[in-house]
>>> print(open('target-v1.pdb').read())   # PDB, C-alpha atoms
ATOM      1  CA  MET A   1     112.621 -18.014 -64.566
ATOM      2  CA  THR A   2     109.663 -18.732 -62.290
ATOM      3  CA  THR A   3     110.379 -20.830 -59.197
ATOM      4  CA  LYS A   4     107.669 -23.356 -58.468
ATOM      5  CA  ILE A   5     106.431 -23.256 -54.860
ATOM      6  CA  GLN A   6     106.681 -26.652 -53.165
ATOM      7  CA  ASN A   7     103.564 -27.937 -51.439
ATOM      8  CA  TYR A   8     104.000 -30.112 -48.355
ATOM      9  CA  TYR A   9     101.328 -32.439 -46.969
ATOM     10  CA  ILE A  10     101.709 -33.593 -43.390
ATOM     11  CA  GLY A  11      99.689 -36.260 -41.620
ATOM     12  CA  VAL A  12      99.497 -36.304 -37.823
ATOM     13  CA  ASP A  13      98.380 -39.361 -35.858
ATOM     14  CA  ILE A  14      97.967 -38.222 -32.261
ATOM     15  CA  SER A  15      97.371 -40.073 -29.001
ATOM     16  CA  LYS A  16      97.387 -39.195 -25.323
ATOM     17  CA  ASP A  17     101.188 -39.300 -24.895
ATOM     18  CA  THR A  18     102.738 -38.993 -28.365
ATOM     19  CA  PHE A  19     102.016 -37.955 -31.936
ATOM     20  CA  ASP A  20     103.452 -39.342 -35.167
ATOM     21  CA  VAL A  21     104.119 -37.093 -38.138
ATOM     22  CA  TYR A  22     104.539 -38.142 -41.782
ATOM     23  CA  ARG A  23     105.550 -35.693 -44.516
ATOM     24  CA  LEU A  24     104.926 -35.868 -48.267
ATOM     25  CA  PRO A  25     106.865 -35.445 -50.461
ATOM     26  CA  GLY A  26     110.014 -36.839 -48.930
ATOM     27  CA  ASP A  27     108.489 -39.681 -46.889
ATOM     28  CA  LYS A  28     109.829 -38.275 -43.636
ATOM     29  CA  HIS A  29     108.582 -39.708 -40.348
ATOM     30  CA  TYR A  30     108.918 -38.210 -36.861
ATOM     31  CA  THR A  31     107.553 -39.055 -33.415
ATOM     32  CA  TYR A  32     107.102 -36.405 -30.706
ATOM     33  CA  GLN A  33     105.813 -36.239 -27.169
ATOM     34  CA  ASN A  34     102.311 -34.779 -26.933
ATOM     35  CA  ASP A  35     103.420 -31.838 -24.799
ATOM     36  CA  SER A  36     104.823 -28.322 -25.179
ATOM     37  CA  LYS A  37     108.373 -29.589 -25.916
ATOM     38  CA  GLY A  38     107.059 -31.918 -28.623
ATOM     39  CA  PHE A  39     104.994 -29.099 -30.135
ATOM     40  CA  GLN A  40     108.006 -26.816 -30.243
ATOM     41  CA  ALA A  41     110.196 -29.472 -31.888
ATOM     42  CA  PHE A  42     107.514 -30.094 -34.535
ATOM     43  CA  ILE A  43     107.139 -26.370 -35.217
ATOM     44  CA  GLN A  44     110.911 -26.018 -35.712
ATOM     45  CA  VAL A  45     110.733 -28.698 -38.431
ATOM     46  CA  LEU A  46     107.794 -26.908 -40.069
ATOM     47  CA  LYS A  47     109.663 -23.598 -40.105
ATOM     48  CA  ARG A  48     112.437 -25.168 -42.189
ATOM     49  CA  LEU A  49     110.011 -26.096 -44.974
ATOM     50  CA  LYS A  50     110.116 -23.551 -47.798
ATOM     51  CA  GLY A  51     106.649 -23.663 -49.324
ATOM     52  CA  GLN A  52     102.949 -24.155 -48.614
ATOM     53  CA  VAL A  53     102.209 -26.563 -45.751
ATOM     54  CA  LEU A  54      98.895 -28.362 -45.142
ATOM     55  CA  ILE A  55      98.670 -30.358 -41.913
ATOM     56  CA  VAL A  56      95.854 -32.853 -41.408
ATOM     57  CA  CYS A  57      94.917 -34.693 -38.207
ATOM     58  CA  GLU A  58      92.047 -36.953 -37.186
ATOM     59  CA  ALA A  59      89.670 -35.826 -34.456
ATOM     60  CA  THR A  60      90.603 -37.886 -31.390
ATOM     61  CA  GLY A  61      88.242 -36.662 -28.705
ATOM     62  CA  GLY A  62      90.331 -33.665 -27.729
ATOM     63  CA  TYR A  63      93.954 -34.896 -27.770
ATOM     64  CA  GLU A  64      94.516 -32.896 -30.960
ATOM     65  CA  ILE A  65      93.260 -29.542 -29.635
ATOM     66  CA  PRO A  66      96.398 -28.314 -27.762
ATOM     67  CA  LEU A  67      98.556 -29.025 -30.837
ATOM     68  CA  ALA A  68      96.013 -27.387 -33.166
ATOM     69  CA  GLN A  69      95.931 -24.307 -30.956
ATOM     70  CA  LYS A  70      99.723 -24.074 -30.858
ATOM     71  CA  LEU A  71      99.963 -24.404 -34.650
ATOM     72  CA  HIS A  72      97.209 -21.822 -35.063
ATOM     73  CA  ASP A  73      99.167 -19.385 -32.875
ATOM     74  CA  LYS A  74     102.223 -19.900 -35.114
ATOM     75  CA  GLU A  75     100.068 -19.373 -38.259
ATOM     76  CA  PHE A  76     100.259 -22.944 -39.558
ATOM     77  CA  LYS A  77      97.149 -24.539 -41.060
ATOM     78  CA  MET A  78      95.903 -27.762 -39.467
ATOM     79  CA  VAL A  79      92.681 -29.383 -40.644
ATOM     80  CA  ILE A  80      90.940 -31.684 -38.149
ATOM     81  CA  MET A  81      89.086 -34.420 -40.036
ATOM     82  CA  ASN A  82      86.368 -36.921 -39.178
ATOM     83  CA  PRO A  83      88.205 -40.279 -38.681
ATOM     84  CA  ARG A  84      85.575 -42.088 -40.757
ATOM     85  CA  LYS A  85      86.583 -40.109 -43.846
ATOM     86  CA  ILE A  86      90.217 -41.119 -43.353
ATOM     87  CA  ARG A  87      89.244 -44.791 -42.875
ATOM     88  CA  ASP A  88      87.073 -44.780 -45.997
ATOM     89  CA  PHE A  89      89.922 -43.227 -47.974
ATOM     90  CA  GLY A  90      92.312 -45.862 -46.592
ATOM     91  CA  ARG A  91      90.063 -48.698 -47.749
ATOM     92  CA  ALA A  92      89.788 -47.095 -51.190
ATOM     93  CA  VAL A  93      93.580 -46.933 -51.659
ATOM     94  CA  GLY A  94      94.274 -50.321 -50.045
ATOM     95  CA  PHE A  95      95.724 -49.225 -46.688
ATOM     96  CA  LEU A  96      94.783 -52.218 -44.532
ATOM     97  CA  ALA A  97      97.718 -52.473 -42.087
ATOM     98  CA  LYS A  98      97.680 -50.258 -39.001
ATOM     99  CA  THR A  99     100.533 -48.760 -36.997
ATOM    100  CA  ASP A 100     101.029 -45.200 -35.758
ATOM    101  CA  LYS A 101     103.510 -44.550 -38.551
ATOM    102  CA  LEU A 102     101.225 -46.006 -41.228
ATOM    103  CA  ASP A 103      98.246 -44.054 -39.865
ATOM    104  CA  ALA A 104     100.238 -40.825 -40.128
ATOM    105  CA  LYS A 105     101.288 -41.772 -43.673
ATOM    106  CA  LEU A 106      97.678 -42.480 -44.644
ATOM    107  CA  ILE A 107      96.573 -39.092 -43.287
ATOM    108  CA  ALA A 108      99.399 -37.374 -45.237
ATOM    109  CA  LEU A 109      98.295 -39.198 -48.391
ATOM    110  CA  PHE A 110      94.708 -38.100 -47.728
ATOM    111  CA  ALA A 111      95.922 -34.504 -47.375
ATOM    112  CA  GLU A 112      97.821 -34.740 -50.674
ATOM    113  CA  ARG A 113      95.025 -36.368 -52.705
ATOM    114  CA  VAL A 114      91.938 -34.709 -51.191
ATOM    115  CA  GLN A 115      93.394 -31.377 -50.017
ATOM    116  CA  PRO A 116      90.585 -30.690 -47.502
ATOM    117  CA  ALA A 117      89.583 -27.071 -47.002
ATOM    118  CA  TYR A 118      91.024 -25.254 -44.002
ATOM    119  CA  ARG A 119      88.639 -23.311 -41.780
ATOM    120  CA  LYS A 120      90.157 -20.964 -39.242
ATOM    121  CA  LYS A 121      89.160 -22.152 -35.775
ATOM    122  CA  ASP A 122      88.274 -19.758 -32.980
ATOM    123  CA  PHE A 123      90.134 -21.271 -30.031
ATOM    124  CA  SER A 124      88.788 -18.609 -27.689
ATOM    125  CA  LYS A 125      85.523 -20.608 -27.714
ATOM    126  CA  LEU A 126      87.118 -23.848 -26.444
ATOM    127  CA  GLU A 127      85.834 -23.370 -22.872
ATOM    128  CA  LEU A 128      82.336 -22.788 -24.227
ATOM    129  CA  VAL A 129      82.497 -25.965 -26.355
ATOM    130  CA  ALA A 130      83.808 -27.973 -23.377
ATOM    131  CA  LEU A 131      80.944 -26.759 -21.167
ATOM    132  CA  HIS A 132      78.394 -27.595 -23.867
ATOM    133  CA  GLN A 133      79.852 -31.079 -24.341
ATOM    134  CA  ARG A 134      79.709 -31.701 -20.597
ATOM    135  CA  GLN A 135      76.110 -30.495 -20.517
ATOM    136  CA  GLU A 136      75.182 -33.016 -23.230
ATOM    137  CA  GLN A 137      77.084 -35.804 -21.462
ATOM    138  CA  LEU A 138      75.211 -35.167 -18.211
ATOM    139  CA  LYS A 139      71.859 -35.160 -20.025
ATOM    140  CA  THR A 140      72.723 -38.529 -21.554
ATOM    141  CA  LEU A 141      73.748 -39.960 -18.157
ATOM    142  CA  ILE A 142      70.563 -38.705 -16.509
ATOM    143  CA  GLN A 143      68.376 -40.228 -19.207
ATOM    144  CA  ALA A 144      70.225 -43.553 -18.939
ATOM    145  CA  GLU A 145      69.674 -43.652 -15.170
ATOM    146  CA  LYS A 146      65.996 -42.770 -15.594
ATOM    147  CA  ASN A 147      65.648 -45.669 -18.029
ATOM    148  CA  ARG A 148      67.222 -48.012 -15.456
ATOM    149  CA  LEU A 149      64.955 -46.661 -12.723
ATOM    150  CA  ALA A 150      61.880 -47.675 -14.709
ATOM    151  CA  HIS A 151      62.976 -51.347 -14.750
ATOM    152  CA  THR A 152      64.674 -52.049 -11.453
ATOM    153  CA  SER A 153      63.867 -53.443  -8.017
ATOM    154  CA  LYS A 154      62.947 -51.327  -5.002
ATOM    155  CA  ASP A 155      66.319 -52.127  -3.399
ATOM    156  CA  ILE A 156      68.212 -50.544  -6.313
ATOM    157  CA  ALA A 157      65.766 -47.690  -7.004
ATOM    158  CA  GLY A 158      67.004 -45.625  -4.063
ATOM    159  CA  SER A 159      70.605 -45.758  -5.284
ATOM    160  CA  ILE A 160      69.588 -44.726  -8.799
ATOM    161  CA  SER A 161      67.400 -41.871  -7.522
ATOM    162  CA  LYS A 162      70.289 -40.471  -5.457
ATOM    163  CA  LEU A 163      72.570 -40.603  -8.502
ATOM    164  CA  ILE A 164      69.956 -38.838 -10.645
ATOM    165  CA  ASP A 165      69.686 -36.069  -8.036
ATOM    166  CA  PHE A 166      73.469 -35.687  -7.996
ATOM    167  CA  LEU A 167      73.668 -35.576 -11.806
ATOM    168  CA  ASN A 168      70.849 -33.012 -11.945
ATOM    169  CA  ASN A 169      72.785 -30.783  -9.538
ATOM    170  CA  GLN A 170      75.885 -31.147 -11.713
ATOM    171  CA  LEU A 171      73.818 -30.295 -14.778
ATOM    172  CA  ASP A 172      72.464 -27.162 -13.097
ATOM    173  CA  ASP A 173      76.005 -26.034 -12.232
ATOM    174  CA  ILE A 174      77.309 -26.625 -15.768
ATOM    175  CA  SER A 175      74.278 -24.909 -17.322
ATOM    176  CA  LYS A 176      74.831 -21.839 -15.120
ATOM    177  CA  LYS A 177      78.520 -21.694 -16.096
ATOM    178  CA  LEU A 178      77.558 -22.046 -19.761
ATOM    179  CA  GLU A 179      75.046 -19.217 -19.454
ATOM    180  CA  GLN A 180      77.626 -17.007 -17.713
ATOM    181  CA  THR A 181      80.206 -17.720 -20.436
ATOM    182  CA  ILE A 182      77.723 -16.797 -23.177
ATOM    183  CA  ASN A 183      76.653 -13.600 -21.384
ATOM    184  CA  ALA A 184      80.295 -12.569 -21.026
ATOM    185  CA  ASP A 185      80.671 -12.665 -24.834
ATOM    186  CA  CYS A 186      78.733  -9.658 -26.179
ATOM    187  CA  ASP A 187      78.728 -10.867 -29.806
ATOM    188  CA  LEU A 188      77.562 -14.380 -28.941
ATOM    189  CA  ARG A 189      74.949 -13.096 -26.485
ATOM    190  CA  ASN A 190      73.456 -10.822 -29.178
ATOM    191  CA  LYS A 191      73.373 -13.686 -31.683
ATOM    192  CA  VAL A 192      71.562 -15.943 -29.215
ATOM    193  CA  GLU A 193      68.954 -13.235 -28.624
ATOM    194  CA  ILE A 194      68.524 -12.704 -32.378
ATOM    195  CA  VAL A 195      67.974 -16.423 -33.052
ATOM    196  CA  GLN A 196      65.471 -16.626 -30.185
ATOM    197  CA  THR A 197      63.158 -14.189 -31.974
ATOM    198  CA  CYS A 198      62.217 -17.018 -34.330
ATOM    199  CA  LYS A 199      58.993 -18.657 -33.134
ATOM    200  CA  GLY A 200      59.726 -22.264 -32.220
ATOM    201  CA  ILE A 201      63.319 -21.698 -31.153
ATOM    202  CA  GLY A 202      64.008 -21.408 -27.439
ATOM    203  CA  ARG A 203      67.142 -20.255 -25.699
ATOM    204  CA  LEU A 204      68.669 -23.746 -25.393
ATOM    205  CA  THR A 205      68.246 -24.427 -29.110
ATOM    206  CA  ALA A 206      69.684 -21.019 -29.987
ATOM    207  CA  GLN A 207      72.702 -21.725 -27.776
ATOM    208  CA  ASN A 208      73.143 -25.232 -29.190
ATOM    209  CA  MET A 209      73.028 -23.976 -32.774
ATOM    210  CA  LEU A 210      75.578 -21.208 -32.236
ATOM    211  CA  ILE A 211      77.952 -23.460 -30.292
ATOM    212  CA  CYS A 212      77.680 -26.500 -32.585
ATOM    213  CA  VAL A 213      77.637 -24.425 -35.793
ATOM    214  CA  PRO A 214      79.891 -21.412 -35.137
ATOM    215  CA  GLU A 215      79.944 -20.869 -38.912
ATOM    216  CA  LEU A 216      76.371 -19.522 -38.775
ATOM    217  CA  GLY A 217      76.191 -16.170 -40.520
ATOM    218  CA  THR A 218      79.567 -16.556 -42.226
ATOM    219  CA  ILE A 219      78.928 -19.157 -44.956
ATOM    220  CA  SER A 220      76.417 -19.520 -47.776
ATOM    221  CA  LYS A 221      73.345 -21.760 -47.954
ATOM    222  CA  LYS A 222      74.722 -24.886 -49.634
ATOM    223  CA  PRO A 223      77.856 -25.357 -47.479
ATOM    224  CA  LEU A 224      75.800 -24.687 -44.345
ATOM    225  CA  THR A 225      73.068 -27.228 -45.105
ATOM    226  CA  ALA A 226      75.723 -29.842 -45.963
ATOM    227  CA  LEU A 227      77.560 -29.001 -42.732
ATOM    228  CA  VAL A 228      74.458 -29.600 -40.612
ATOM    229  CA  GLY A 229      73.449 -32.642 -42.675
ATOM    230  CA  VAL A 230      70.164 -31.449 -44.190
ATOM    231  CA  ALA A 231      71.298 -31.147 -47.807
ATOM    232  CA  PRO A 232      69.658 -33.890 -49.917
ATOM    233  CA  PHE A 233      72.164 -35.946 -51.918
ATOM    234  CA  ASN A 234      71.412 -37.700 -55.193
ATOM    235  CA  ARG A 235      71.105 -41.509 -55.327
ATOM    236  CA  ASP A 236      71.193 -42.079 -59.103
ATOM    237  CA  SER A 237      72.821 -44.803 -61.183
ATOM    238  CA  GLY A 238      72.207 -45.347 -64.898
ATOM    239  CA  LYS A 239      68.476 -45.064 -65.525
ATOM    240  CA  MET A 240      67.673 -45.544 -61.855
ATOM    241  CA  ARG A 241      66.660 -42.404 -59.983
ATOM    242  CA  GLY A 242      66.808 -43.021 -56.255
ATOM    243  CA  LYS A 243      65.342 -40.988 -53.425
ATOM    244  CA  ARG A 244      67.262 -37.882 -52.405
ATOM    245  CA  MET A 245      68.532 -38.414 -48.870
ATOM    246  CA  ILE A 246      70.268 -36.371 -46.197
ATOM    247  CA  SER A 247      73.471 -37.774 -44.746
ATOM    248  CA  GLY A 248      76.220 -36.964 -42.237
ATOM    249  CA  GLY A 249      76.589 -33.522 -40.732
ATOM    250  CA  ARG A 250      76.559 -32.277 -37.152
ATOM    251  CA  TYR A 251      74.093 -34.477 -35.357
ATOM    252  CA  GLN A 252      73.619 -32.379 -32.207
ATOM    253  CA  ALA A 253      72.749 -29.255 -34.189
ATOM    254  CA  ARG A 254      70.396 -31.154 -36.493
ATOM    255  CA  ARG A 255      68.654 -32.933 -33.594
ATOM    256  CA  SER A 256      68.162 -29.676 -31.708
ATOM    257  CA  LEU A 257      66.801 -27.851 -34.755
ATOM    258  CA  TYR A 258      64.545 -30.795 -35.656
ATOM    259  CA  MET A 259      62.630 -30.466 -32.396
ATOM    260  CA  SER A 260      62.298 -26.707 -32.916
ATOM    261  CA  THR A 261      61.036 -27.322 -36.452
ATOM    262  CA  LEU A 262      58.187 -29.451 -35.096
ATOM    263  CA  VAL A 263      57.190 -26.540 -32.846
ATOM    264  CA  ALA A 264      57.582 -24.009 -35.687
ATOM    265  CA  ILE A 265      55.294 -26.064 -37.948
ATOM    266  CA  LYS A 266      52.508 -25.510 -35.392
ATOM    267  CA  HIS A 267      53.220 -21.955 -34.228
ATOM    268  CA  ASN A 268      55.318 -20.160 -36.873
ATOM    269  CA  PRO A 269      53.033 -19.033 -39.754
ATOM    270  CA  PRO A 270      55.605 -18.941 -42.647
ATOM    271  CA  ILE A 271      56.992 -22.373 -41.702
ATOM    272  CA  ARG A 272      53.484 -23.767 -41.116
ATOM    273  CA  ASP A 273      52.294 -22.500 -44.523
ATOM    274  CA  PHE A 274      55.378 -23.937 -46.226
ATOM    275  CA  TYR A 275      54.764 -27.311 -44.541
ATOM    276  CA  ASN A 276      51.097 -27.409 -45.555
ATOM    277  CA  LYS A 277      51.934 -26.553 -49.177
ATOM    278  CA  LEU A 278      54.357 -29.472 -49.309
ATOM    279  CA  LEU A 279      51.710 -31.818 -47.937
ATOM    280  CA  GLU A 280      49.226 -30.545 -50.539
ATOM    281  CA  LYS A 281      51.758 -31.444 -53.231
ATOM    282  CA  GLY A 282      51.788 -35.008 -51.911
ATOM    283  CA  LYS A 283      55.110 -34.906 -50.076
ATOM    284  CA  PRO A 284      55.460 -37.408 -47.193
ATOM    285  CA  LYS A 285      55.348 -35.817 -43.746
ATOM    286  CA  LYS A 286      58.972 -36.681 -42.919
ATOM    287  CA  VAL A 287      60.168 -35.133 -46.183
ATOM    288  CA  ALA A 288      58.113 -32.003 -45.467
ATOM    289  CA  ILE A 289      59.571 -31.724 -41.953
ATOM    290  CA  ILE A 290      63.160 -31.941 -43.237
ATOM    291  CA  ALA A 291      62.347 -29.354 -45.926
ATOM    292  CA  CYS A 292      61.044 -27.027 -43.192
ATOM    293  CA  LEU A 293      64.178 -27.661 -41.132
ATOM    294  CA  HIS A 294      66.253 -26.802 -44.208
ATOM    295  CA  LYS A 295      64.301 -23.561 -44.720
ATOM    296  CA  LEU A 296      64.497 -22.639 -41.033
ATOM    297  CA  LEU A 297      68.265 -23.168 -41.003
ATOM    298  CA  ILE A 298      68.757 -20.901 -44.032
ATOM    299  CA  ILE A 299      66.629 -18.149 -42.440
ATOM    300  CA  ILE A 300      68.528 -18.425 -39.137
ATOM    301  CA  ASN A 301      71.802 -18.158 -41.037
ATOM    302  CA  ALA A 302      70.582 -14.942 -42.671
ATOM    303  CA  MET A 303      69.359 -13.590 -39.320
ATOM    304  CA  VAL A 304      72.804 -14.073 -37.772
ATOM    305  CA  ARG A 305      74.545 -12.734 -40.887
ATOM    306  CA  ASP A 306      72.495  -9.528 -40.958
ATOM    307  CA  MET A 307      71.869  -9.380 -37.174
ATOM    308  CA  LEU A 308      68.160  -8.929 -37.812
ATOM    309  CA  PRO A 309      65.320 -10.412 -35.733
ATOM    310  CA  TRP A 310      62.745 -12.728 -37.289
ATOM    311  CA  GLN A 311      60.158  -9.944 -37.643
ATOM    312  CA  LYS A 312      62.412  -7.949 -39.989
ATOM    313  CA  MET A 313      63.529 -10.849 -42.177
ATOM    314  CA  ASN A 314      62.558 -11.328 -45.793
ATOM    315  CA  MET A 315      61.277 -14.938 -45.777
ATOM    316  CA  GLY A 316      62.604 -15.410 -49.312
ATOM    317  CA  THR A 317      66.168 -15.203 -47.928
TER
END
>>> encode(input="target-v1.pdb", output="structure tokens")
Amino acid sequence: MTTKIQNYYIGVDISKDTFDVYRLPGDKHYTYQNDSKGFQAFIQVLKRLKGQVLIVCEATGGYEIPLAQKLHDKEFKMVIMNPRKIRDFGRAVGFLAKTDKLDAKLIALFAERVQPAYRKKDFSKLELVALHQRQEQLKTLIQAEKNRLAHTSKDIAGSISKLIDFLNNQLDDISKKLEQTINADCDLRNKVEIVQTCKGIGRLTAQNMLICVPELGTISKKPLTALVGVAPFNRDSGKMRGKRMISGGRYQARRSLYMSTLVAIKHNPPIRDFYNKLLEKGKPKKVAIIACLHKLLIIINAMVRDMLPWQKMNMGT
């Protein structure tokens, strides 16, 4: 007689101080402190479950990372989801009320119905990601202060200028630490140098791509383009055939690669020729640019996969 393996779906709603856990099947609810003791108590409960366990949590700006790392170390699978996807699912199934317990239950229900794919996370890169995020935050702050400086009185301008100087110094420090962290990782350093061989892509873009899309070189074309948000989705209904449009994805990676694509269209012959052919076929310029971005992303993925510079790549990759 074959024994059927029980599947368990666990939703985790986490905050700064606590996290709520809801388990399906069984409708079990637990609340733990968001610290090492709470993690250990949760793990003890998980160890008593005889079967396959899928744990799902919303991304909460970093509160979920220590728990995810602890679960990863104990070989439990935790998928960190975009909160918008959970909210959309909640509206679809009629979950309108909101408490910590109900949020955890909704996430468990999402795990059970959708069964999102688990991707093993490399937690050794957390410091690198944190440095990159801080770099982007400082750039945003500097730009905001520059915008204020352009429309302020002389009395306030001095204060803003001093703050900009301070933020620029902070940005320099973070950028140096980021560069040192990349150089200390032989594999990542080699990948950055490989990506830089593509005309149009500078060191910052290469770093941004490899930090924001660590999956580069490990996944196929379609999942990658969807991940970055440059895969066109159908907009059809009945006899209506709508325009194919890109949607979602990792904005920072797409924004960074977009600017490099504009440079590549001018200075990278294969990308420039591809762009001109699209224009000759009557494609709008914006559509042609996104198509070039799509092509560039696929080639970069192959470069990282095969660890080959641009000059040695087969452009039909």
>>> closest_atom_pairs(input="target-v1.pdb", of="region 189-224 of chain A", to="region 292-301 of chain A", cutoff="9 Å", atoms="only C-alpha atoms", output="tab-separated table")
residue	atom	partner	partner_atom	distance
A:Ile194	CA	A:Ile300	CA	8.9
A:Val195	CA	A:Ile300	CA	6.4
A:Cys198	CA	A:Ile300	CA	8.1
A:Glu215	CA	A:Asn301	CA	8.8
A:Leu216	CA	A:Asn301	CA	5.3
A:Gly217	CA	A:Asn301	CA	4.8
A:Thr218	CA	A:Asn301	CA	8.0
A:Ile219	CA	A:Asn301	CA	8.2
A:Ser220	CA	A:Asn301	CA	8.3
A:Lys221	CA	A:Ile298	CA	6.1
A:Leu224	CA	A:Ile298	CA	8.0
>>> write_last_selection(input="target-v1.pdb", atoms="C-alpha atoms", output="PDB file, keeping the file's coordinate frame")
ATOM      1  CA  ILE A 194      68.524 -12.704 -32.378  1.00  0.00           C
ATOM      2  CA  VAL A 195      67.974 -16.423 -33.052  1.00  0.00           C
ATOM      3  CA  CYS A 198      62.217 -17.018 -34.330  1.00  0.00           C
ATOM      4  CA  GLU A 215      79.944 -20.869 -38.912  1.00  0.00           C
ATOM      5  CA  LEU A 216      76.371 -19.522 -38.775  1.00  0.00           C
ATOM      6  CA  GLY A 217      76.191 -16.170 -40.520  1.00  0.00           C
ATOM      7  CA  THR A 218      79.567 -16.556 -42.226  1.00  0.00           C
ATOM      8  CA  ILE A 219      78.928 -19.157 -44.956  1.00  0.00           C
ATOM      9  CA  SER A 220      76.417 -19.520 -47.776  1.00  0.00           C
ATOM     10  CA  LYS A 221      73.345 -21.760 -47.954  1.00  0.00           C
ATOM     11  CA  LEU A 224      75.800 -24.687 -44.345  1.00  0.00           C
TER      12      LEU A 224
END
>>> resolve_selection(input="target-v1.pdb", expression="the PyMOL selection byres ((chain A and resi 159-176) around 12)", output="PyMOL selection string")
chain A and resi 127-158+177-183+203-204+207-208
>>> residues_near_point(input="target-v1.pdb", point="(107.7, -21.4, -33.8)", cutoff="10 Å", atoms="all atoms listed in the file", output="short mmCIF file (atom, residue, chain, number, x, y, z; two decimals) with C-alpha atoms, in the frame of the given file")
data_model
loop_
_atom_site.label_atom_id
_atom_site.label_comp_id
_atom_site.auth_asym_id
_atom_site.auth_seq_id
_atom_site.Cartn_x
_atom_site.Cartn_y
_atom_site.Cartn_z
CA PHE A 39 104.99 -29.10 -30.14
CA GLN A 40 108.01 -26.82 -30.24
CA ALA A 41 110.20 -29.47 -31.89
CA PHE A 42 107.51 -30.09 -34.53
CA ILE A 43 107.14 -26.37 -35.22
CA GLN A 44 110.91 -26.02 -35.71
CA VAL A 45 110.73 -28.70 -38.43
CA LEU A 46 107.79 -26.91 -40.07
CA LYS A 47 109.66 -23.60 -40.10
CA LYS A 70 99.72 -24.07 -30.86
CA LEU A 71 99.96 -24.40 -34.65
CA ASP A 73 99.17 -19.39 -32.88
CA LYS A 74 102.22 -19.90 -35.11
CA GLU A 75 100.07 -19.37 -38.26
CA PHE A 76 100.26 -22.94 -39.56
#
>>> residues_around(input="target-v1.pdb", residues="Ile10 (chain A)", least_positions_apart="4", cutoff="9 Å", atoms="all atoms listed in the file", output="list in words")
Val21, Tyr22, Arg23, Leu24, Pro25, Val53, Leu54, Ile55, Val56, Cys57, Ala104, Lys105, Ile107, Ala108, Leu109, Ala111 and Glu112 of chain A
>>> write_last_selection(input="target-v1.pdb", atoms="C-alpha atoms", output="short mmCIF file (atom, residue, chain, number, x, y, z; two decimals), in the coordinates of the input")
data_model
loop_
_atom_site.label_atom_id
_atom_site.label_comp_id
_atom_site.auth_asym_id
_atom_site.auth_seq_id
_atom_site.Cartn_x
_atom_site.Cartn_y
_atom_site.Cartn_z
CA VAL A 21 104.12 -37.09 -38.14
CA TYR A 22 104.54 -38.14 -41.78
CA ARG A 23 105.55 -35.69 -44.52
CA LEU A 24 104.93 -35.87 -48.27
CA PRO A 25 106.86 -35.44 -50.46
CA VAL A 53 102.21 -26.56 -45.75
CA LEU A 54 98.90 -28.36 -45.14
CA ILE A 55 98.67 -30.36 -41.91
CA VAL A 56 95.85 -32.85 -41.41
CA CYS A 57 94.92 -34.69 -38.21
CA ALA A 104 100.24 -40.83 -40.13
CA LYS A 105 101.29 -41.77 -43.67
CA ILE A 107 96.57 -39.09 -43.29
CA ALA A 108 99.40 -37.37 -45.24
CA LEU A 109 98.30 -39.20 -48.39
CA ALA A 111 95.92 -34.50 -47.38
CA GLU A 112 97.82 -34.74 -50.67
#
>>> resolve_selection(input="target-v1.pdb", expression="the PyMOL selection byres ((chain A and resi 197) around 10)", output="ChimeraX atom specification")
/A:192-196,198-203,206,300,303,308-311
>>> atom_distance(input="target-v1.pdb", atom1="CA of Ile65 (chain A)", atom2="CA of Ala92 (chain A)")
28.0 Å
>>> atom_distance(input="target-v1.pdb", atom1="CA of Ser15 (chain A)", atom2="CA of Glu64 (chain A)")
8.0 Å
>>> axis_aligned_box(input="target-v1.pdb", around="region 50-60 of chain A", padding_each_side="3 Å", output="JSON")
{"center_x": 99.9, "center_y": -30.7, "center_z": -40.4, "size_x": 26.4, "size_y": 20.3, "size_z": 23.9}
>>> atom_distance(input="target-v1.pdb", atom1="CA of Asn190 (chain A)", atom2="CA of Met307 (chain A)")
8.3 Å
>>> residues_around(input="target-v1.pdb", residues="Tyr118 (chain A)", least_positions_apart="6", cutoff="8 Å", atoms="all atoms listed in the file", output="NGL selection string")
:A and (77-79)
>>> residues_around(input="target-v1.pdb", residues="Phe19 (chain A)", least_positions_apart="4", cutoff="7 Å", atoms="all atoms listed in the file", output="list of chain:residue names")
A:Val12, A:Asp13, A:Ile14, A:Ser15, A:Thr31, A:Tyr32, A:Gln33, A:Asn34
>>> closest_residue(input="target-v1.pdb", among="A:Val287, A:Cys186, A:Val230, A:Ala253", to="Ile211 (chain A)", atoms="all atoms listed in the file")
A:Ala253
>>> closest_residue(input="target-v1.pdb", among="A:Arg119, A:Lys28, A:Lys312, A:Lys85", to="Lys101 (chain A)", atoms="all atoms listed in the file")
A:Lys28
>>> closest_residue(input="target-v1.pdb", among="A:Thr60, A:Gln52, A:Asn82, A:Gln69", to="Lys16 (chain A)", atoms="all atoms listed in the file")
A:Thr60
